[in-house]
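A short worksheet on the structure shown next.
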Amino acid sequence: MDDEYQLYHQSASFVRFLASWSSPNPSLVGRIRELARDISRGGFWKWKEVEIMDAWLEDLRSIGYKFPPIIKPPQKLPSTAVKQKRAAICVTGIAECILEAWVPTYNVLRRRLPGEIDTFLFLSSSSSTQSVLSKIQLEQARSYLNTTATILYEDRIIDPRIPSNCKTYYHPWMNQSHVIPYYQQLWALAECYDFIREYEQKMNIRYDLLIRARSDSTLANVSTQLSNLNNFTIFIPDENHFGGINDRFAIGPMSAMEKYMKRWHQLKTCAIQNLHAETFLKMLLIRLGVHVQQDRTLSYQEVRHGRDQCH
């Protein structure tokens with residue numbers, strides 16, 4: 001597992017390096033030589049590999065190979081008007097219950113929320129069991145095509161960077177075995193939000209609303225208010241509070257939902273010591289001045305666990 005994590009870390013670092021690398025050199029050969037040396041300086045190659053690259057370039061030159069010219073990027077076109085869309089949906093959790101829970105939830109949302117909607121599945125492929133059922137569920141998530149983007153990721157070691165002198169606790173009491181999955185959930189929410197914002201920028205669109213949903217729960221009832229949401233209120237189900245507010249489903253304007261989705265980054269501030277999921281969410285949104293309306297006509301229930309269930 002340590003070797004696997006190290007390989008993942010090194011690969012991710014190398015990908016980030018390549019994505020950010022650039023050179024003004026007008027020659028393709030020159031850029032290849034520069035890149036090889038920068039890769040070595042970054043610790044990803046040994047110098048011997050740079051020498052091999054130089055020898056390869058020399059071999060190509062010796063047989064008369066002509067390197068193609070660098071193609072200059074096209075001139076920037078005049079900016080077009082931003083396309084407005086009604087909502088983006090961020091679905092997080094384990095890659096399970098897509099057909100049993102998410103599909104009916106999506107159908108309810110489409111009936112009750114007019115306008116263009118994009119769906120982003122941001123799901124963990126890590127399962128506590130390697131059963132046949134879990135493999136089937138993962139394959140269903142992979143093959144589900146009614147999305148704008150589907151991201152399947154393996155849980156990794158994450159650090160909320162809570163200061164050592166921060167006296168955190170969980171009230172109501174929370175089983176310690178749930179802490180790491182809880183952190184993974186918060187991390188995924190923040191990553192999904194950032195992905196949607198990046199998609200907005202690249203595609204020159206803007207979403208009015210963001211909907212947070214889970215893969216293992218079903219939206220059984222929706223208020224007619226979904227067609228008349230305002231620009232400053234987050235609507236959540238008035239159920240499963242556990243001492244705070246519901247932490248399974250939310251719909252609201254992008255600006256307010258940013259604070260909801262990116263609470264992972266608030267852990268390191270130690271501004272709130274009670275990290276129990278529903279309580280932490282309630283206290284954080286109050287602290288950040290986010291208006292929340294608990295809607296009794298919203299019902300969002302988790303699919304039952306069991307032998308013949310999807311999880």
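Ligands are numbered from 1 in the order shown, residues from 1 within each chain, and chains are lettered A, B, ... in the order they appear in the structure tokens.
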
Neighbours of Asn221 (chain A) within 7 Å (only C-alpha atoms; same-chain residues fewer than 6 positions away dropped), as an MDAnalysis selection string? chainID A and resid 297:299

Which residues, written as number ranges by chain, have at least one atom at most 12 Å from Asp38 (chain A), with only C-alpha atoms counted and residues fewer than 4 positions away on the same chain left out? A: 14, 17-18, 20-23, 31-34, 42-47, 49-50

How would the residues just picked look written out with C-alpha atoms as a PDB file, in the first residue's frame?
```pdb
ATOM      1  CA  PHE A  14       4.889  14.604 -12.635  1.00  0.00           C
ATOM      2  CA  PHE A  17       4.871  19.473 -13.641  1.00  0.00           C
ATOM      3  CA  LEU A  18       4.114  18.623 -17.285  1.00  0.00           C
ATOM      4  CA  SER A  20       2.604  23.720 -16.015  1.00  0.00           C
ATOM      5  CA  TRP A  21       5.775  23.449 -18.151  1.00  0.00           C
ATOM      6  CA  SER A  22       6.300  25.859 -21.035  1.00  0.00           C
ATOM      7  CA  SER A  23       9.149  27.247 -23.113  1.00  0.00           C
ATOM      8  CA  ARG A  31      12.165  22.547 -26.448  1.00  0.00           C
ATOM      9  CA  ILE A  32      12.671  18.781 -26.210  1.00  0.00           C
ATOM     10  CA  ARG A  33      16.199  19.314 -24.863  1.00  0.00           C
ATOM     11  CA  GLU A  34      14.968  21.921 -22.356  1.00  0.00           C
ATOM     12  CA  GLY A  42      12.711  18.278 -11.009  1.00  0.00           C
ATOM     13  CA  GLY A  43      13.882  14.876  -9.802  1.00  0.00           C
ATOM     14  CA  PHE A  44      11.709  12.831 -12.153  1.00  0.00           C
ATOM     15  CA  TRP A  45      14.587  11.567 -14.367  1.00  0.00           C
ATOM     16  CA  LYS A  46      18.190  10.607 -13.819  1.00  0.00           C
ATOM     17  CA  TRP A  47      20.801  12.410 -15.929  1.00  0.00           C
ATOM     18  CA  GLU A  49      17.891   9.550 -19.311  1.00  0.00           C
ATOM     19  CA  VAL A  50      18.691  13.085 -20.493  1.00  0.00           C
TER      20      VAL A  50
END
```

Which of region 202-273 of chain A DSSP labels helix (DSSP H, G or I), written as a PyMOL selection string: chain A and resi 202-203+224-228+254-261+263-269

Could you check which of A:Ile236, A:Ala220, A:Ile157, A:Val82 is closest to Gln201 (chain A), using only C-alpha atoms? A:Val82

For the strand (DSSP E) assignment from backbone DSSP, which residues of region 198-253 of chain A qualify? Please present them as JSON, numbers by chain. {"A": [205, 206, 207, 208, 209, 210, 211, 212, 213, 214, 217, 218, 219, 220, 221, 233, 234, 235, 236, 237, 250, 251, 252, 253]}

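Separating CA of Leu189 (chain A) from CA of Lys268 (chain A) is a distance of 16.1 Å.
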
Kindly provide the residues of region 224-289 of chain A that approach region 206-214 of chain A to within 12 Å, each paired with its closest atom pair and their distance in Å to one decimal, based on only C-alpha atoms, listed by chain and increasing number, as a Markdown table.
```
| residue | atom | partner | partner_atom | distance |
| --- | --- | --- | --- | --- |
| A:Leu226 | CA | A:Leu209 | CA | 10.3 |
| A:Ser227 | CA | A:Leu209 | CA | 11.1 |
| A:Asn228 | CA | A:Leu209 | CA | 11.5 |
| A:Leu229 | CA | A:Leu209 | CA | 8.8 |
| A:Asn230 | CA | A:Leu209 | CA | 9.6 |
| A:Asn231 | CA | A:Asp208 | CA | 8.4 |
| A:Phe232 | CA | A:Leu209 | CA | 10.4 |
| A:Thr233 | CA | A:Leu209 | CA | 10.6 |
| A:Ile234 | CA | A:Leu210 | CA | 9.5 |
| A:Phe235 | CA | A:Ile211 | CA | 9.6 |
| A:Ile236 | CA | A:Arg212 | CA | 9.7 |
| A:Pro237 | CA | A:Ala213 | CA | 11.6 |
| A:Asn246 | CA | A:Arg212 | CA | 11.5 |
| A:Asp247 | CA | A:Arg212 | CA | 9.3 |
| A:Arg248 | CA | A:Ala213 | CA | 6.3 |
| A:Phe249 | CA | A:Ala213 | CA | 5.0 |
| A:Ala250 | CA | A:Arg212 | CA | 5.1 |
| A:Ile251 | CA | A:Ile211 | CA | 4.4 |
| A:Gly252 | CA | A:Leu209 | CA | 5.4 |
| A:Pro253 | CA | A:Leu209 | CA | 4.4 |
| A:Met254 | CA | A:Leu209 | CA | 5.4 |
| A:Ser255 | CA | A:Leu209 | CA | 8.9 |
| A:Ala256 | CA | A:Leu210 | CA | 9.2 |
| A:Met257 | CA | A:Leu210 | CA | 6.6 |
| A:Glu258 | CA | A:Leu210 | CA | 8.8 |
| A:Lys259 | CA | A:Leu210 | CA | 11.6 |
| A:Tyr260 | CA | A:Arg212 | CA | 9.3 |
| A:Met261 | CA | A:Arg212 | CA | 8.2 |
| A:Lys262 | CA | A:Arg212 | CA | 11.9 |
```
